[in-house]
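Source file: data02.tsv (TSV, C-alpha atoms and all ligand atoms)
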```tsv
chain	number	residue	atom	x	y	z
K	1	MET	CA	-11.58	31.48	5.82
K	2	LYS	CA	-8.73	29.94	3.88
K	3	HIS	CA	-6.69	27.34	5.77
K	4	ASP	CA	-3.04	28.09	6.16
K	5	ILE	CA	-1.58	24.77	5.07
K	6	LYS	CA	1.96	24.25	6.24
K	7	LYS	CA	3.99	22.69	3.45
K	8	THR	CA	7.30	20.97	3.68
K	9	THR	CA	8.97	19.93	0.47
K	10	LEU	CA	11.10	16.85	0.82
K	11	ASN	CA	12.67	15.88	-2.49
K	12	SER	CA	9.82	14.39	-4.52
K	13	GLN	CA	7.40	14.48	-1.61
K	14	THR	CA	5.16	17.20	-0.31
K	15	ILE	CA	4.00	16.86	3.26
K	16	GLU	CA	1.04	19.06	4.11
K	17	SER	CA	-0.53	19.05	7.51
K	18	GLN	CA	-4.09	19.32	6.12
K	19	ASN	CA	-3.98	17.40	2.87
K	20	PRO	CA	-0.82	15.38	2.44
K	21	CYS	CA	0.21	14.02	-0.92
K	22	ILE	CA	3.29	12.26	-2.19
K	23	GLU	CA	4.57	12.77	-5.71
K	24	THR	CA	6.82	10.32	-7.53
K	25	ASP	CA	8.04	10.28	-11.12
K	26	ARG	CA	4.92	8.62	-12.51
K	27	LEU	CA	2.41	8.74	-9.67
K	28	LEU	CA	0.57	10.94	-7.24
K	29	LEU	CA	-0.40	9.47	-3.89
K	30	ARG	CA	-3.33	11.33	-2.41
K	31	LYS	CA	-6.05	10.97	0.21
K	32	LEU	CA	-9.13	9.00	-0.79
K	33	LYS	CA	-12.31	10.53	-2.18
K	34	LYS	CA	-15.88	9.20	-2.25
K	35	GLU	CA	-15.61	8.98	-6.07
K	36	ASP	CA	-12.76	6.45	-5.76
K	37	ALA	CA	-15.19	3.57	-5.17
K	38	GLU	CA	-15.82	2.95	-8.87
K	39	PRO	CA	-12.18	2.89	-10.07
K	40	MET	CA	-11.13	0.98	-6.95
K	41	PHE	CA	-13.72	-1.72	-7.65
K	42	LYS	CA	-12.96	-1.84	-11.38
K	43	ASN	CA	-9.17	-1.58	-11.20
K	44	TRP	CA	-8.21	-3.82	-8.29
K	45	ALA	CA	-10.72	-4.64	-5.53
K	46	SER	CA	-12.83	-6.98	-7.71
K	47	ASP	CA	-9.82	-8.90	-9.07
K	48	GLU	CA	-9.17	-12.29	-7.45
K	49	GLU	CA	-5.57	-12.27	-8.68
K	50	VAL	CA	-4.94	-9.03	-6.80
K	51	THR	CA	-6.48	-10.33	-3.56
K	52	LYS	CA	-4.94	-13.81	-3.83
K	53	TYR	CA	-2.38	-13.17	-1.08
K	54	MET	CA	-4.33	-10.54	0.80
K	55	THR	CA	-6.27	-10.96	4.04
K	56	TRP	CA	-9.49	-9.79	2.36
K	57	ILE	CA	-11.57	-11.31	-0.42
K	58	SER	CA	-12.28	-9.59	-3.72
K	59	HIS	CA	-15.36	-7.40	-3.72
K	60	GLU	CA	-18.44	-9.00	-5.27
K	61	ASN	CA	-20.00	-5.72	-6.25
K	62	ILE	CA	-19.49	-1.96	-6.10
K	63	GLU	CA	-21.61	-1.70	-2.93
K	64	VAL	CA	-18.89	-3.56	-1.00
K	65	THR	CA	-16.28	-1.11	-2.27
K	66	LYS	CA	-18.49	1.87	-1.38
K	67	LYS	CA	-18.83	0.49	2.15
K	68	ILE	CA	-15.05	0.15	2.47
K	69	ILE	CA	-14.52	3.69	1.18
K	70	GLY	CA	-17.07	4.84	3.79
K	71	LEU	CA	-15.18	3.03	6.57
K	72	TRP	CA	-11.85	4.38	5.34
K	73	SER	CA	-13.32	7.93	5.29
K	74	GLU	CA	-14.31	7.53	8.95
K	75	GLU	CA	-10.84	6.22	9.77
K	76	GLU	CA	-9.37	9.43	8.34
K	77	ASN	CA	-10.51	11.13	11.57
K	78	ASP	CA	-8.10	8.93	13.50
K	79	PRO	CA	-4.60	10.45	13.47
K	80	ARG	CA	-3.09	6.95	13.36
K	81	THR	CA	-4.60	6.40	9.90
K	82	ILE	CA	-2.06	6.77	7.11
K	83	ARG	CA	-3.49	5.72	3.76
K	84	PHE	CA	-3.02	6.93	0.20
K	85	MET	CA	-4.71	6.17	-3.07
K	86	ILE	CA	-2.14	5.57	-5.80
K	87	THR	CA	-3.08	7.56	-8.90
K	88	LEU	CA	-1.50	7.93	-12.31
K	89	LYS	CA	-0.02	11.39	-12.61
K	90	ASP	CA	-1.00	11.71	-16.26
K	91	SER	CA	-4.68	10.77	-16.05
K	92	GLY	CA	-5.49	10.96	-12.34
K	93	GLU	CA	-6.83	7.38	-12.48
K	94	PRO	CA	-6.66	5.56	-9.10
K	95	ILE	CA	-4.80	2.26	-9.62
K	96	GLY	CA	-4.06	1.05	-6.11
K	97	ALA	CA	-3.61	1.89	-2.46
K	98	ILE	CA	-0.92	1.85	0.20
K	99	ASP	CA	-1.40	2.22	3.94
K	100	VAL	CA	-0.30	1.50	7.47
K	101	VAL	CA	-2.09	-1.70	8.42
K	102	LYS	CA	-1.07	-1.72	12.09
K	103	TYR	CA	1.51	-0.45	14.57
K	104	ILE	CA	4.07	-2.61	16.34
K	105	ASP	CA	5.52	-0.89	19.41
K	106	GLY	CA	4.56	2.43	17.84
K	107	ASN	CA	6.14	1.73	14.45
K	108	PRO	CA	4.09	1.13	11.30
K	109	GLU	CA	3.56	-2.06	9.32
K	110	ILE	CA	2.56	-1.24	5.77
K	111	GLY	CA	0.50	-2.95	3.08
K	112	TYR	CA	-0.25	-2.22	-0.57
K	113	CYS	CA	-2.00	-3.39	-3.72
K	114	LEU	CA	-2.00	-2.38	-7.35
K	115	SER	CA	-4.20	-2.97	-10.39
K	116	ARG	CA	-2.98	-6.04	-12.29
K	117	LYS	CA	-2.80	-4.04	-15.50
K	118	TYR	CA	0.17	-2.14	-14.04
K	119	TRP	CA	2.19	-4.95	-12.48
K	120	ASN	CA	5.89	-5.45	-13.23
K	121	GLN	CA	6.60	-1.90	-14.34
K	122	GLY	CA	8.39	-0.92	-11.14
K	123	LEU	CA	5.42	1.12	-9.94
K	124	MET	CA	4.99	-0.36	-6.46
K	125	THR	CA	8.73	-0.11	-5.86
K	126	GLU	CA	8.43	3.59	-6.76
K	127	VAL	CA	5.44	3.97	-4.41
K	128	CYS	CA	6.95	1.99	-1.55
K	129	LYS	CA	10.23	3.92	-1.63
K	130	ALA	CA	8.35	7.23	-1.50
K	131	PHE	CA	5.95	6.03	1.20
K	132	THR	CA	8.72	4.75	3.48
K	133	LYS	CA	10.57	8.04	3.03
K	134	TYR	CA	7.37	9.87	4.00
K	135	LEU	CA	6.96	7.72	7.13
K	136	PHE	CA	10.55	8.33	8.20
K	137	ALA	CA	10.03	12.06	7.64
K	138	LYS	CA	7.05	11.83	10.00
K	139	GLY	CA	9.43	10.54	12.67
K	140	PHE	CA	8.97	6.76	12.67
K	141	GLN	CA	12.18	4.85	13.34
K	142	LYS	CA	11.33	1.49	11.83
K	143	ILE	CA	8.88	0.20	9.20
K	144	TYR	CA	7.61	-3.37	9.01
K	145	ILE	CA	6.12	-5.39	6.18
K	146	THR	CA	5.20	-9.04	5.66
K	147	ALA	CA	4.60	-11.02	2.48
K	148	ILE	CA	3.44	-14.58	1.94
K	149	ASP	CA	6.38	-16.65	0.70
K	150	GLU	CA	4.64	-17.47	-2.60
K	151	ASN	CA	4.04	-13.79	-3.38
K	152	ILE	CA	7.19	-13.38	-5.45
K	153	GLY	CA	6.32	-9.89	-6.68
K	154	SER	CA	5.78	-8.45	-3.20
K	155	ASN	CA	8.91	-10.09	-1.74
K	156	ARG	CA	10.84	-8.59	-4.63
K	157	VAL	CA	9.38	-5.08	-4.09
K	158	VAL	CA	10.35	-5.25	-0.43
K	159	GLU	CA	13.92	-6.29	-1.27
K	160	LYS	CA	14.24	-3.57	-3.92
K	161	CYS	CA	13.14	-1.01	-1.31
K	162	GLY	CA	15.96	-2.06	1.03
K	163	PHE	CA	13.92	-3.92	3.66
K	164	VAL	CA	15.87	-6.53	5.62
K	165	PHE	CA	14.45	-10.03	6.04
K	166	THR	CA	14.18	-10.82	9.76
K	167	HIS	CA	12.34	-14.12	10.04
K	168	LYS	CA	9.64	-16.43	8.73
K	169	GLU	CA	6.38	-17.20	10.51
K	170	ARG	CA	4.18	-20.20	9.92
K	171	LEU	CA	0.55	-19.20	10.45
K	172	GLU	CA	-1.47	-22.38	11.00
K	173	HIS	CA	-4.89	-20.96	11.75
K	174	GLN	CA	-4.74	-17.45	10.42
K	175	SER	CA	-8.24	-17.56	9.01
K	176	SER	CA	-7.94	-14.12	7.43
K	177	PHE	CA	-5.62	-15.61	4.78
K	178	LYS	CA	-7.32	-17.68	2.11
K	179	HIS	CA	-4.66	-20.39	1.91
K	180	ASN	CA	-4.14	-21.90	5.34
K	181	PRO	CA	-1.61	-22.57	6.64
K	182	VAL	CA	0.70	-19.91	5.20
K	183	THR	CA	4.31	-18.95	5.66
K	184	ILE	CA	4.95	-15.24	5.79
K	185	HIS	CA	8.27	-13.49	5.36
K	186	CYS	CA	8.80	-10.66	7.84
K	187	TYR	CA	10.93	-7.64	6.96
K	188	GLU	CA	11.93	-4.36	8.53
K	189	LEU	CA	13.44	-1.14	7.30
K	190	VAL	CA	15.38	1.11	9.65
K	191	GLN	CA	16.10	4.73	8.81
B	1	LIG	C1	2.94	-7.20	-5.27
B	1	LIG	C2	2.69	-6.00	-6.16
B	1	LIG	C3	2.32	-4.82	-5.29
B	1	LIG	C4	3.92	-5.68	-6.96
B	1	LIG	O1	3.74	-4.47	-7.65
B	1	LIG	P1	4.57	-4.14	-8.97
B	1	LIG	O2	4.33	-2.72	-9.32
B	1	LIG	O3	4.29	-5.16	-9.98
B	1	LIG	O4	6.05	-4.32	-8.42
B	1	LIG	P2	7.40	-3.92	-9.17
B	1	LIG	O5	7.18	-3.90	-10.64
B	1	LIG	O6	7.92	-2.69	-8.52
B	1	LIG	O7	8.34	-5.13	-8.78
B	1	LIG	C5	7.92	-6.47	-8.99
B	1	LIG	C6	9.13	-7.36	-9.10
B	1	LIG	O8	8.74	-8.70	-8.93
B	1	LIG	C7	9.16	-9.46	-10.05
B	1	LIG	N1	8.19	-10.54	-10.24
B	1	LIG	C8	6.86	-10.47	-10.20
B	1	LIG	N2	6.32	-11.68	-10.41
B	1	LIG	C9	7.35	-12.53	-10.58
B	1	LIG	C10	7.45	-13.93	-10.81
B	1	LIG	N3	6.37	-14.69	-10.89
B	1	LIG	N4	8.69	-14.46	-10.91
B	1	LIG	C11	9.80	-13.69	-10.80
B	1	LIG	N5	9.76	-12.37	-10.57
B	1	LIG	C12	8.54	-11.79	-10.47
B	1	LIG	C13	9.20	-8.46	-11.17
B	1	LIG	O9	10.00	-8.91	-12.23
B	1	LIG	C14	9.79	-7.26	-10.45
B	1	LIG	O10	11.17	-7.45	-10.19
B	1	LIG	P3	12.31	-6.76	-11.08
B	1	LIG	O11	12.06	-5.29	-11.05
B	1	LIG	O12	13.59	-7.15	-10.42
B	1	LIG	O13	12.18	-7.30	-12.47
B	1	LIG	C15	1.50	-6.26	-7.13
B	1	LIG	O14	1.79	-7.43	-7.83
B	1	LIG	C16	0.20	-6.43	-6.42
B	1	LIG	O15	-0.51	-5.45	-6.16
B	1	LIG	N6	-0.18	-7.68	-6.09
B	1	LIG	C17	-1.44	-7.95	-5.45
B	1	LIG	C18	-1.52	-7.40	-4.04
B	1	LIG	C19	-0.41	-7.89	-3.16
B	1	LIG	O16	0.01	-9.03	-3.26
B	1	LIG	N7	0.03	-7.02	-2.25
B	1	LIG	C20	1.10	-7.31	-1.34
B	1	LIG	C21	0.65	-8.01	-0.14
B	1	LIG	S1	2.05	-8.31	0.93
```
Take the structure from the file and write it as structure tokens.
Amino acid sequence: MKHDIKKTTLNSQTIESQNPCIETDRLLLRKLKKEDAEPMFKNWASDEEVTKYMTWISHENIEVTKKIIGLWSEEENDPRTIRFMITLKDSGEPIGAIDVVKYIDGNPEIGYCLSRKYWNQGLMTEVCKAFTKYLFAKGFQKIYITAIDENIGSNRVVEKCGFVFTHKERLEHQSSFKHNPVTIHCYELVQ
């Protein structure tokens, strides 16, 4: 039997209860697929420059990426999971990902990464603006994000998306970051 998918069109976004996707000028954000492991590994997960300021290390081989895709697929069963693969509208190629990394008092903190080949073309600003709009449309009141102070590109994306800087935090023993200690900039966006 065919599912009756409830669609709500919201400017450039389409929110579907079964299979949500977000469309921007140049990109389509969609749910992950098993086949994404190869482009994810090739395009961003294996690149040390991409993971430089992330809490995870670059993947040594495709098996690591396949395992992550497997874990992410399982997480899709949890209604708190909000994650999209960023794909080029023209070719369908996956070039990055954006997701909710955790919730603070019920509101989402987001994270993102993009293939180095596509940096500095305004793409993550385009993605982040659409994603925050999507989250507000889902009913969240506030959205959080943090960026390491040295990560100029990410701090800039956040500013361009209208986030407000709230405070800095010095993380002395945050072992998940590669460079310890680190200073992170904390931002929030209110609807
Ligand atoms: C951070 C990241 C998502 C930015 O994506 P992007 O598509 O390049 O971002 P945009 O093009 O929308 O904006 C980047 C801005 O930073 C600026 N920028 C980047 N590096 C810069 C540098 N070294 N000095 C000055 N400005 C810089 C760009 O000029 C641009 O600003 P502008 O539009 O005012 O010119 C991308 O670099 C990335 O995936 N990095 C690795 C993962 C990561 O760090 N994720 C964030 C963790 S918090």
For ligand LIG 1 (chain B), collect every residue having any atom at a distance of at most 9 Å from a ligand atom (counting only C-alpha atoms and all ligand atoms); output as a count of residues only.
43
May I have the protein, DNA and RNA residues with any atom at most 6 Å from the point (0.5, 3.8, 5.9), counting all atoms listed in the file, written as a list of chain:residue names?
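Using all atoms listed in the file, the matching residues come out as K:Ile82, K:Arg83, K:Asp99, K:Val100, K:Ile110.
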Report the distance between atom CA of Thr87 of chain K and atom CA of Arg30 of chain K in Å, rounded to one decimal place.
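If I compute the distance from atom CA of Thr87 of chain K to atom CA of Arg30 of chain K, I get 7.5 Å.
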Surrounding residues of Leu135 of chain K excluding itself and chain neighbours under 6 positions, 12 Å, all atoms listed in the file, as a list in words
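Here the qualifying residues turn out to be Leu10, Gln13, Ile15, Pro20, Ile22, Arg80, Thr81, Ile82, Arg83, Asp99, Val100, Asn107, Pro108, Glu109, Ile110, Cys128, Lys129, Gln141, Lys142, Ile143, Tyr144, Leu189, Val190 and Gln191 of chain K.
Proximity ranking of K:Ala37, K:Asp25, K:Lys31, K:Phe84 relative to Gly70 of chain K places K:Ala37 first, based on all atoms listed in the file.
Taking only C-alpha atoms into account, Gly92 of chain K lies nearest to K:Leu28 out of the set K:Leu71, K:Leu28, K:Leu171, K:Val182.
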Between atom CA of Asn19 of chain K and atom CA of Lys133 of chain K, what distance in Å does the model show, to one decimal?
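Calculated distance between atom CA of Asn19 of chain K and atom CA of Lys133 of chain K is 17.3 Å.
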I want to know what sits within 8 Å of segment 38-43 of chain K, based on all atoms listed in the file, with residues of the same chain fewer than 4 positions away left out; could you give that as a PDB file with C-alpha atoms, in the frame of the given file?
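New file around_20.pdb:
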```pdb
ATOM      1  CA  ASP K  47      -9.820  -8.900  -9.070  1.00  0.00           C
ATOM      2  CA  HIS K  59     -15.360  -7.400  -3.720  1.00  0.00           C
ATOM      3  CA  ASN K  61     -20.000  -5.720  -6.250  1.00  0.00           C
ATOM      4  CA  ILE K  62     -19.490  -1.960  -6.100  1.00  0.00           C
ATOM      5  CA  THR K  65     -16.280  -1.110  -2.270  1.00  0.00           C
ATOM      6  CA  GLU K  93      -6.830   7.380 -12.480  1.00  0.00           C
ATOM      7  CA  PRO K  94      -6.660   5.560  -9.100  1.00  0.00           C
ATOM      8  CA  ILE K  95      -4.800   2.260  -9.620  1.00  0.00           C
ATOM      9  CA  GLY K  96      -4.060   1.050  -6.110  1.00  0.00           C
ATOM     10  CA  SER K 115      -4.200  -2.970 -10.390  1.00  0.00           C
ATOM     11  CA  ARG K 116      -2.980  -6.040 -12.290  1.00  0.00           C
TER      12      ARG K 116
END
```
Could you tell me how far atom CA of Ala45 of chain K lies from atom CA of Ile57 of chain K, in Å and to one decimal?
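Straight-line distance from atom CA of Ala45 of chain K to atom CA of Ile57 of chain K works out to 8.4 Å.
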Using only C-alpha atoms, find the one residue out of K:Asn180, K:Ala130, K:Glu63, K:Phe140 that sits nearest to Cys161 of chain K.
K:Ala130
